[in-house]
$ cat protein-v4.cif   # mmCIF, C-alpha atoms and all ligand atoms
data_query
loop_
_atom_site.label_atom_id
_atom_site.label_comp_id
_atom_site.auth_asym_id
_atom_site.auth_seq_id
_atom_site.Cartn_x
_atom_site.Cartn_y
_atom_site.Cartn_z
CA MET A 244 12.31 17.62 -22.20
CA SER A 245 15.23 18.17 -19.90
CA ARG A 246 16.23 21.65 -18.80
CA GLU A 247 18.65 23.47 -21.07
CA VAL A 248 21.54 25.78 -20.35
CA ILE A 249 21.07 28.93 -22.41
CA LEU A 250 23.60 31.70 -22.85
CA TYR A 251 21.84 35.02 -23.40
CA ILE A 252 24.41 37.77 -23.87
CA ALA A 253 25.43 40.78 -25.95
CA MET A 254 28.76 41.45 -27.60
CA SER A 255 30.27 44.11 -29.82
CA LEU A 256 30.69 43.18 -33.46
CA ASP A 257 34.39 42.61 -32.76
CA GLY A 258 33.57 40.08 -30.05
CA TYR A 259 33.84 41.92 -26.73
CA ILE A 260 31.43 41.91 -23.78
CA ALA A 261 33.12 44.73 -21.84
CA THR A 262 36.27 46.83 -21.85
CA GLU A 263 39.21 45.51 -19.85
CA ASP A 264 38.13 47.73 -16.93
CA ASP A 265 34.55 46.42 -17.08
CA ASN A 266 32.91 49.33 -18.85
CA ILE A 267 29.75 48.20 -20.69
CA ASP A 268 28.54 51.60 -21.87
CA PHE A 269 28.56 50.41 -25.49
CA LEU A 270 25.47 48.32 -24.70
CA SER A 271 23.42 51.49 -24.31
CA LYS A 272 23.97 52.29 -28.01
CA VAL A 273 20.96 50.08 -28.73
CA ASP A 274 18.74 51.36 -25.91
CA VAL A 275 15.35 52.04 -27.42
CA LEU A 276 12.28 52.91 -25.36
CA GLY A 277 9.93 49.90 -25.26
CA GLU A 278 12.39 47.47 -26.88
CA ASP A 279 13.92 44.79 -24.66
CA TYR A 280 15.14 42.48 -27.46
CA GLY A 281 13.16 39.54 -26.08
CA TYR A 282 14.76 39.70 -22.64
CA GLY A 283 11.44 39.80 -20.76
CA ASP A 284 10.05 36.78 -22.60
CA PHE A 285 13.29 34.93 -22.07
CA GLN A 286 13.16 35.58 -18.31
CA HIS A 287 9.87 33.66 -18.17
CA GLN A 288 11.58 30.56 -19.60
CA VAL A 289 14.29 30.35 -16.93
CA ASP A 290 14.30 29.88 -13.18
CA THR A 291 18.00 29.40 -12.50
CA LEU A 292 20.89 31.71 -13.25
CA ILE A 293 24.64 31.21 -13.49
CA TRP A 294 27.01 34.15 -13.23
CA GLY A 295 30.71 34.70 -12.94
CA ARG A 296 31.80 36.43 -9.77
CA LYS A 297 33.04 39.48 -11.71
CA THR A 298 29.69 39.87 -13.49
CA TYR A 299 27.92 39.62 -10.14
CA ASP A 300 30.25 42.26 -8.68
CA LYS A 301 29.44 44.50 -11.64
CA LEU A 302 25.73 44.13 -10.92
CA LEU A 303 26.33 44.97 -7.25
CA SER A 304 28.21 48.11 -8.31
CA PHE A 305 24.98 49.45 -9.86
CA GLY A 306 23.41 49.60 -6.38
CA ILE A 307 20.01 48.54 -7.71
CA PRO A 308 17.59 46.08 -6.06
CA PHE A 309 18.53 42.51 -6.92
CA PRO A 310 16.68 41.82 -10.21
CA HIS A 311 16.42 38.01 -10.00
CA LYS A 312 14.71 37.38 -6.67
CA ASP A 313 12.48 34.84 -8.39
CA LYS A 314 15.40 32.64 -9.48
CA LYS A 315 17.95 30.32 -7.94
CA CYS A 316 21.21 32.15 -8.62
CA TYR A 317 24.65 30.58 -8.60
CA VAL A 318 27.73 32.79 -8.67
CA LEU A 319 30.79 30.83 -9.74
CA SER A 320 33.81 31.63 -7.60
CA LYS A 321 36.91 29.98 -6.21
CA SER A 322 37.60 32.95 -3.93
CA ARG A 323 34.22 33.14 -2.16
CA THR A 324 31.98 30.62 -0.50
CA GLY A 325 28.60 30.60 1.21
CA ARG A 326 25.46 32.41 0.27
CA ASN A 327 23.43 35.53 0.89
CA GLU A 328 19.71 36.13 0.52
CA ASP A 329 20.01 36.39 -3.30
CA ILE A 330 22.80 34.10 -4.47
CA GLU A 331 24.86 31.06 -3.64
CA TYR A 332 28.58 30.91 -4.43
CA TYR A 333 29.70 27.74 -6.18
CA GLY A 334 33.31 26.69 -6.61
CA GLY A 335 32.86 23.00 -7.25
CA ASP A 336 32.80 20.95 -10.40
CA LEU A 337 30.73 22.58 -13.16
CA VAL A 338 29.83 19.30 -14.85
CA GLU A 339 28.40 18.11 -11.53
CA LEU A 340 26.43 21.32 -10.98
CA ILE A 341 24.85 21.24 -14.43
CA SER A 342 24.13 17.54 -14.19
CA LYS A 343 22.47 18.03 -10.78
CA LEU A 344 20.36 20.91 -12.12
CA LYS A 345 19.33 18.94 -15.20
CA ASN A 346 18.18 16.08 -13.01
CA GLU A 347 15.88 18.44 -11.12
CA GLU A 348 12.52 19.63 -12.33
CA GLY A 349 12.46 23.21 -13.49
CA LYS A 350 12.65 25.74 -16.25
CA ASN A 351 15.77 26.43 -18.27
CA ILE A 352 19.06 27.64 -16.85
CA TYR A 353 20.25 31.10 -17.83
CA CYS A 354 23.94 31.84 -18.18
CA ASP A 355 24.59 35.58 -18.22
CA GLY A 356 28.39 35.37 -18.55
CA GLY A 357 30.90 36.78 -18.33
CA GLY A 358 33.61 35.51 -20.59
CA GLU A 359 35.41 33.39 -18.04
CA VAL A 360 32.24 31.50 -17.17
CA VAL A 361 31.36 31.04 -20.83
CA PHE A 362 34.84 29.61 -21.30
CA SER A 363 34.38 27.22 -18.35
CA LEU A 364 31.02 26.03 -19.65
CA LEU A 365 32.06 25.67 -23.29
CA LYS A 366 35.23 23.86 -22.30
CA ASN A 367 32.96 21.13 -20.98
CA LYS A 368 30.32 21.54 -23.73
CA LEU A 369 27.71 22.46 -21.15
CA ILE A 370 25.85 25.11 -23.14
CA ASP A 371 22.80 23.88 -25.07
CA LYS A 372 21.67 27.12 -26.69
CA MET A 373 23.09 30.57 -27.30
CA ILE A 374 21.15 33.76 -27.92
CA ILE A 375 23.74 36.33 -28.88
CA SER A 376 22.93 39.95 -29.51
CA ILE A 377 25.49 41.66 -31.70
CA ILE A 378 25.85 45.36 -31.01
CA PRO A 379 26.78 47.46 -34.05
CA HIS A 380 29.94 48.78 -32.44
CA LEU A 381 33.66 48.03 -32.58
CA LEU A 382 35.02 48.15 -29.05
CA GLY A 383 38.60 47.70 -30.21
CA ALA A 384 39.81 45.84 -27.12
CA GLY A 385 38.46 44.36 -23.92
CA LYS A 386 37.06 41.16 -22.48
CA ARG A 387 36.16 38.62 -25.12
CA LEU A 388 32.95 36.61 -25.13
CA PHE A 389 34.84 33.62 -26.53
CA ASN A 390 38.25 33.12 -25.00
CA ASP A 391 40.76 30.84 -26.72
CA GLY A 392 41.38 27.26 -25.67
CA ARG A 393 37.93 25.73 -26.04
CA PRO A 394 37.16 22.55 -27.98
CA GLU A 395 35.77 22.99 -31.47
CA GLN A 396 31.97 22.83 -31.52
CA SER A 397 29.39 23.25 -34.23
CA MET A 398 25.87 24.59 -34.00
CA ASP A 399 22.67 25.15 -35.93
CA LEU A 400 21.38 28.64 -36.53
CA MET A 401 17.72 28.48 -35.51
CA LYS A 402 16.75 32.10 -35.96
CA SER A 403 18.19 35.52 -36.65
CA VAL A 404 16.40 38.74 -35.90
CA SER A 405 17.55 42.18 -36.94
CA TYR A 406 16.22 45.24 -35.16
CA PRO A 407 15.92 48.83 -36.40
CA SER A 408 18.58 49.87 -33.86
CA GLY A 409 21.10 47.74 -35.77
CA LEU A 410 21.24 44.99 -33.16
CA VAL A 411 21.25 41.53 -34.71
CA GLN A 412 20.24 38.60 -32.53
CA LEU A 413 21.42 35.09 -33.36
CA TRP A 414 19.78 32.00 -31.89
CA TYR A 415 21.91 28.86 -31.96
CA ASP A 416 21.36 25.26 -30.89
CA MET A 417 24.66 23.66 -29.98
CA LYS A 418 25.59 20.31 -31.53
CA ASP A 419 27.90 17.39 -30.46
N1 LIG B 1 27.85 42.26 -22.69
C1 LIG B 1 27.14 41.53 -21.85
O1 LIG B 1 25.97 41.18 -22.14
C2 LIG B 1 27.73 41.09 -20.54
C3 LIG B 1 27.15 40.03 -19.85
C4 LIG B 1 27.77 39.57 -18.69
C5 LIG B 1 28.91 40.20 -18.22
N2 LIG B 1 29.43 41.25 -18.89
C6 LIG B 1 30.64 41.91 -18.40
O2 LIG B 1 31.72 40.98 -18.39
C7 LIG B 1 32.65 41.38 -17.39
C8 LIG B 1 33.00 40.20 -16.53
O3 LIG B 1 33.43 39.12 -17.33
P1 LIG B 1 34.75 38.28 -16.96
O4 LIG B 1 34.99 37.31 -18.06
O5 LIG B 1 35.84 39.22 -16.58
O6 LIG B 1 34.37 37.56 -15.60
P2 LIG B 1 33.19 36.57 -15.14
O7 LIG B 1 33.13 35.39 -16.05
O8 LIG B 1 31.95 37.34 -14.89
O9 LIG B 1 33.75 36.14 -13.70
C9 LIG B 1 35.00 35.50 -13.61
C10 LIG B 1 35.12 34.89 -12.24
O10 LIG B 1 34.17 33.82 -12.10
C11 LIG B 1 34.74 32.79 -11.35
N3 LIG B 1 34.80 31.59 -12.18
C12 LIG B 1 34.86 31.48 -13.53
N4 LIG B 1 34.86 30.20 -13.90
C13 LIG B 1 34.80 29.47 -12.77
C14 LIG B 1 34.74 28.09 -12.49
N5 LIG B 1 34.78 27.16 -13.47
N6 LIG B 1 34.66 27.69 -11.19
C15 LIG B 1 34.65 28.60 -10.19
N7 LIG B 1 34.69 29.93 -10.40
C16 LIG B 1 34.76 30.35 -11.67
C17 LIG B 1 36.09 33.29 -10.87
O11 LIG B 1 35.81 33.97 -9.64
P3 LIG B 1 36.88 34.15 -8.45
O12 LIG B 1 37.90 35.11 -8.97
O13 LIG B 1 36.08 34.71 -7.32
O14 LIG B 1 37.44 32.79 -8.19
C18 LIG B 1 36.48 34.26 -11.95
O15 LIG B 1 37.41 35.22 -11.54
C19 LIG B 1 31.98 42.48 -16.59
O16 LIG B 1 32.45 43.73 -17.05
C20 LIG B 1 30.52 42.33 -16.96
O17 LIG B 1 29.81 43.56 -16.83
C21 LIG B 1 28.88 41.71 -20.05
#
$ encode --input "protein-v4.cif" --output "structure tokens"
Amino acid sequence: MSREVILYIAMSLDGYIATEDDNIDFLSKVDVLGEDYGYGDFQHQVDTLIWGRKTYDKLLSFGIPFPHKDKKCYVLSKSRTGRNEDIEYYGGDLVELISKLKNEEGKNIYCDGGGEVVFSLLKNKLIDKMIISIIPHLLGAGKRLFNDGRPEQSMDLMKSVSYPSGLVQLWYDMKD
């Protein structure tokens, strides 16, 4: 089977992935010792990662060792080019990038957001699966996971898992 592009991301119940100034503290509301909500297992199924430049910058702001040394990481950007020891900036055509990756051997391709990248991918119907963790919190305002202006698309719900913390995880296969 060909490699799939999988969005694995968390949003508030009202649809936000961060505040407008990139605060993601609401995610820690579901922090539970020993519970990773399937993230570790998921990491074993992917070997390539796609990020938006702003999400990558947010990671850099944590000042932690780069957590995806084992993966090929693309950071989408029109403002930066080149590469460093961890990532490669990509500002070309997304359809071409995904098509190239799907023609290569490998595990699945992990999209970690943020919202602008999700928009770019969905606009071209390039996401095959979505694993969305809904945090029991109303953020009120901020950066949306699903920005307006995308084509309509339907999906099949493959699985839903609810956790004692209140997090609900929805697994979708995209159609069309
Ligand atoms: N809740 C969660 O699980 C979760 C997950 C991921 C991220 N986040 C949060 O989301 C926030 C960032 O999201 P965001 O929507 O503002 O930004 P983003 O999607 O992370 O990054 C946007 C940037 O990506 C580049 N980009 C997007 N589409 C592109 C395309 N088709 N071609 C080339 N470059 C493209 C552009 O970079 P240039 O400006 O350099 O051109 C754009 O400014 C952060 O606060 C992050 O922490 C939350």
$ residues_near_ligand --input "protein-v4.cif" --ligand "ligand LIG 1 (chain B)" --cutoff "7 Å" --atoms "all atoms listed in the file" --output "NGL selection string"
:A and (252-254 or 260-262 or 264-267 or 270 or 294-299 or 301 or 319-323 or 333-335 or 337 or 355-361 or 363 or 386)
$ residues_around --input "protein-v4.cif" --residues "Ser403 of chain A" --least-positions-apart "2" --cutoff "10 Å" --atoms "all atoms listed in the file" --output "count of residues only"
11
$ atom_distance --input "protein-v4.cif" --atom1 "atom CA of Lys315 of chain A" --atom2 "atom CA of Met417 of chain A"
24.0 Å
$ closest_residue --input "protein-v4.cif" --among "A:Asp300, A:Lys350, A:Gln288, A:Asp336" --to "Ser245 of chain A" --atoms "all atoms listed in the file"
A:Lys350
$ residues_around --input "protein-v4.cif" --residues "Asp416 of chain A" --least-positions-apart "6" --cutoff "10 Å" --atoms "all atoms listed in the file" --output "PDB file with C-alpha atoms, in the frame of the given file"
ATOM      1  CA  ILE A 249      21.070  28.930 -22.410  1.00  0.00           C
ATOM      2  CA  ILE A 370      25.850  25.110 -23.140  1.00  0.00           C
ATOM      3  CA  ASP A 371      22.800  23.880 -25.070  1.00  0.00           C
ATOM      4  CA  LYS A 372      21.670  27.120 -26.690  1.00  0.00           C
ATOM      5  CA  MET A 373      23.090  30.570 -27.300  1.00  0.00           C
ATOM      6  CA  ILE A 374      21.150  33.760 -27.920  1.00  0.00           C
ATOM      7  CA  SER A 397      29.390  23.250 -34.230  1.00  0.00           C
ATOM      8  CA  MET A 398      25.870  24.590 -34.000  1.00  0.00           C
ATOM      9  CA  ASP A 399      22.670  25.150 -35.930  1.00  0.00           C
ATOM     10  CA  LEU A 400      21.380  28.640 -36.530  1.00  0.00           C
ATOM     11  CA  MET A 401      17.720  28.480 -35.510  1.00  0.00           C
ATOM     12  CA  LYS A 402      16.750  32.100 -35.960  1.00  0.00           C
TER      13      LYS A 402
END
$ closest_residue --input "protein-v4.cif" --among "A:Glu347, A:Ser408, A:Ser342, A:Leu303" --to "Ile377 of chain A" --atoms "all atoms listed in the file"
A:Ser408
$ atom_distance --input "protein-v4.cif" --atom1 "atom CA of Val248 of chain A" --atom2 "atom CA of Ile352 of chain A"
4.7 Å
$ atom_distance --input "protein-v4.cif" --atom1 "atom CA of Lys345 of chain A" --atom2 "atom CA of Asp329 of chain A"
21.1 Å
$ closest_residue --input "protein-v4.cif" --among "A:Ile378, A:Leu256, A:Gly383, A:Asn367" --to "Glu339 of chain A" --atoms "all atoms listed in the file"
A:Asn367
$ decode --input "protein-v4.cif" --residues "segment 252-394 of chain A" --atoms "C-alpha atoms" --output "mmCIF file, in the first residue's frame"
data_model
loop_
_atom_site.group_PDB
_atom_site.id
_atom_site.type_symbol
_atom_site.label_atom_id
_atom_site.label_comp_id
_atom_site.auth_asym_id
_atom_site.auth_seq_id
_atom_site.Cartn_x
_atom_site.Cartn_y
_atom_site.Cartn_z
ATOM 1 C CA ILE A 252 -3.212 17.084 15.913
ATOM 2 C CA ALA A 253 -5.134 18.406 18.905
ATOM 3 C CA MET A 254 -7.723 21.156 18.988
ATOM 4 C CA SER A 255 -9.985 22.769 21.552
ATOM 5 C CA LEU A 256 -13.637 21.799 21.376
ATOM 6 C CA ASP A 257 -14.301 25.140 19.671
ATOM 7 C CA GLY A 258 -11.804 24.339 16.924
ATOM 8 C CA TYR A 259 -8.574 26.129 17.837
ATOM 9 C CA ILE A 260 -5.008 24.795 17.839
ATOM 10 C CA ALA A 261 -3.432 27.801 19.591
ATOM 11 C CA THR A 262 -4.254 31.323 20.691
ATOM 12 C CA GLU A 263 -3.540 34.104 18.209
ATOM 13 C CA ASP A 264 -0.181 34.699 19.931
ATOM 14 C CA ASP A 265 0.728 30.999 19.723
ATOM 15 C CA ASN A 266 -0.009 29.986 23.287
ATOM 16 C CA ILE A 267 -0.792 26.245 23.502
ATOM 17 C CA ASP A 268 -1.074 25.942 27.284
ATOM 18 C CA PHE A 269 -4.603 24.538 26.959
ATOM 19 C CA LEU A 270 -3.076 21.287 25.675
ATOM 20 C CA SER A 271 -1.626 20.612 29.121
ATOM 21 C CA LYS A 272 -5.175 20.308 30.534
ATOM 22 C CA VAL A 273 -5.091 16.669 29.449
ATOM 23 C CA ASP A 274 -1.549 15.898 30.635
ATOM 24 C CA VAL A 275 -1.727 12.639 32.540
ATOM 25 C CA LEU A 276 1.336 10.753 33.738
ATOM 26 C CA GLY A 277 1.859 7.665 31.547
ATOM 27 C CA GLU A 278 -0.778 8.614 28.950
ATOM 28 C CA ASP A 279 0.448 9.739 25.529
ATOM 29 C CA TYR A 280 -2.853 9.273 23.653
ATOM 30 C CA GLY A 281 -1.251 6.914 21.141
ATOM 31 C CA TYR A 282 1.436 9.385 20.092
ATOM 32 C CA GLY A 283 4.324 6.963 20.685
ATOM 33 C CA ASP A 284 2.713 4.188 18.644
ATOM 34 C CA PHE A 285 1.890 6.651 15.905
ATOM 35 C CA GLN A 286 5.517 7.811 15.721
ATOM 36 C CA HIS A 287 6.531 4.254 14.790
ATOM 37 C CA GLN A 288 4.249 4.362 11.743
ATOM 38 C CA VAL A 289 5.789 7.490 10.210
ATOM 39 C CA ASP A 290 9.227 8.409 8.941
ATOM 40 C CA THR A 291 8.554 11.770 7.323
ATOM 41 C CA LEU A 292 7.155 14.923 8.856
ATOM 42 C CA ILE A 293 5.604 18.063 7.413
ATOM 43 C CA TRP A 294 5.393 21.243 9.463
ATOM 44 C CA GLY A 295 4.479 24.841 8.896
ATOM 45 C CA ARG A 296 7.277 27.298 9.515
ATOM 46 C CA LYS A 297 5.415 28.865 12.460
ATOM 47 C CA THR A 298 4.933 25.476 14.138
ATOM 48 C CA TYR A 299 8.634 24.748 13.644
ATOM 49 C CA ASP A 300 9.525 28.134 15.154
ATOM 50 C CA LYS A 301 7.307 27.308 18.127
ATOM 51 C CA LEU A 302 9.195 24.055 18.640
ATOM 52 C CA LEU A 303 12.513 25.907 18.452
ATOM 53 C CA SER A 304 11.264 28.339 21.109
ATOM 54 C CA PHE A 305 11.083 25.440 23.592
ATOM 55 C CA GLY A 306 14.871 25.060 23.390
ATOM 56 C CA ILE A 307 14.659 21.273 23.621
ATOM 57 C CA PRO A 308 16.715 18.752 21.622
ATOM 58 C CA PHE A 309 15.163 18.171 18.211
ATOM 59 C CA PRO A 310 12.643 15.339 18.799
ATOM 60 C CA HIS A 311 12.462 13.909 15.267
ATOM 61 C CA LYS A 312 16.078 13.109 14.408
ATOM 62 C CA ASP A 313 14.915 9.765 13.020
ATOM 63 C CA LYS A 314 12.643 11.364 10.396
ATOM 64 C CA LYS A 315 12.934 13.322 7.192
ATOM 65 C CA CYS A 316 11.418 16.672 8.155
ATOM 66 C CA TYR A 317 10.078 19.259 5.744
ATOM 67 C CA VAL A 318 9.244 22.743 6.983
ATOM 68 C CA LEU A 319 6.973 24.541 4.544
ATOM 69 C CA SER A 320 8.042 28.134 3.992
ATOM 70 C CA LYS A 321 8.086 30.767 1.294
ATOM 71 C CA SER A 322 10.335 33.014 3.376
ATOM 72 C CA ARG A 323 13.160 30.548 4.092
ATOM 73 C CA THR A 324 15.165 28.165 1.975
ATOM 74 C CA GLY A 325 17.895 25.601 2.510
ATOM 75 C CA ARG A 326 18.302 23.106 5.278
ATOM 76 C CA ASN A 327 19.944 22.487 8.608
ATOM 77 C CA GLU A 328 20.933 19.230 10.278
ATOM 78 C CA ASP A 329 17.301 18.509 11.275
ATOM 79 C CA ILE A 330 14.985 19.927 8.632
ATOM 80 C CA GLU A 331 14.697 21.016 5.038
ATOM 81 C CA TYR A 332 12.677 24.088 4.053
ATOM 82 C CA TYR A 333 10.288 23.545 1.166
ATOM 83 C CA GLY A 334 8.533 26.328 -0.711
ATOM 84 C CA GLY A 335 7.644 24.520 -3.907
ATOM 85 C CA ASP A 336 4.471 22.895 -5.108
ATOM 86 C CA LEU A 337 2.801 20.781 -2.405
ATOM 87 C CA VAL A 338 1.135 18.407 -4.858
ATOM 88 C CA GLU A 339 4.569 17.675 -6.313
ATOM 89 C CA LEU A 340 6.134 17.119 -2.893
ATOM 90 C CA ILE A 341 3.443 14.686 -1.763
ATOM 91 C CA SER A 342 3.466 12.886 -5.090
ATOM 92 C CA LYS A 343 7.268 12.522 -4.920
ATOM 93 C CA LEU A 344 7.078 11.197 -1.349
ATOM 94 C CA LYS A 345 4.321 8.741 -2.235
ATOM 95 C CA ASN A 346 6.406 7.387 -5.080
ATOM 96 C CA GLU A 347 9.228 6.631 -2.659
ATOM 97 C CA GLU A 348 9.384 3.652 -0.350
ATOM 98 C CA GLY A 349 8.761 4.455 3.273
ATOM 99 C CA LYS A 350 6.425 4.685 6.193
ATOM 100 C CA ASN A 351 3.570 7.146 6.431
ATOM 101 C CA ILE A 352 3.922 10.912 6.342
ATOM 102 C CA TYR A 353 3.023 12.843 9.476
ATOM 103 C CA CYS A 354 1.535 16.311 9.238
ATOM 104 C CA ASP A 355 1.729 18.121 12.568
ATOM 105 C CA GLY A 356 0.105 21.385 11.401
ATOM 106 C CA GLY A 357 -0.362 24.172 11.982
ATOM 107 C CA GLY A 358 -3.543 25.542 10.550
ATOM 108 C CA GLU A 359 -2.033 27.187 7.504
ATOM 109 C CA VAL A 360 -0.377 23.958 6.414
ATOM 110 C CA VAL A 361 -3.547 21.975 7.036
ATOM 111 C CA PHE A 362 -5.338 24.496 4.842
ATOM 112 C CA SER A 363 -2.723 24.135 2.081
ATOM 113 C CA LEU A 364 -2.938 20.343 2.182
ATOM 114 C CA LEU A 365 -6.734 20.130 2.358
ATOM 115 C CA LYS A 366 -7.095 22.664 -0.428
ATOM 116 C CA ASN A 367 -5.429 20.089 -2.648
ATOM 117 C CA LYS A 368 -7.051 17.077 -0.931
ATOM 118 C CA LEU A 369 -3.643 15.761 0.072
ATOM 119 C CA ILE A 370 -4.552 14.400 3.509
ATOM 120 C CA ASP A 371 -5.467 10.696 3.620
ATOM 121 C CA LYS A 372 -6.208 10.289 7.319
ATOM 122 C CA MET A 373 -6.836 12.539 10.291
ATOM 123 C CA ILE A 374 -6.373 11.677 13.943
ATOM 124 C CA ILE A 375 -7.838 14.585 15.856
ATOM 125 C CA SER A 376 -7.713 14.869 19.608
ATOM 126 C CA ILE A 377 -10.416 17.117 20.990
ATOM 127 C CA ILE A 378 -9.441 18.861 24.199
ATOM 128 C CA PRO A 379 -12.342 19.532 26.577
ATOM 129 C CA HIS A 380 -11.754 23.272 26.592
ATOM 130 C CA LEU A 381 -13.237 26.330 24.901
ATOM 131 C CA LEU A 382 -10.384 28.595 23.864
ATOM 132 C CA GLY A 383 -12.733 31.337 22.716
ATOM 133 C CA ALA A 384 -10.482 32.687 19.957
ATOM 134 C CA GLY A 385 -7.227 31.894 18.238
ATOM 135 C CA LYS A 386 -5.795 29.981 15.310
ATOM 136 C CA ARG A 387 -8.257 27.585 13.755
ATOM 137 C CA LEU A 388 -7.424 24.029 12.760
ATOM 138 C CA PHE A 389 -9.729 24.339 9.754
ATOM 139 C CA ASN A 390 -9.525 27.683 8.012
ATOM 140 C CA ASP A 391 -12.249 28.698 5.572
ATOM 141 C CA GLY A 392 -11.915 28.365 1.818
ATOM 142 C CA ARG A 393 -11.276 24.650 1.412
ATOM 143 C CA PRO A 394 -13.208 22.356 -0.925
#
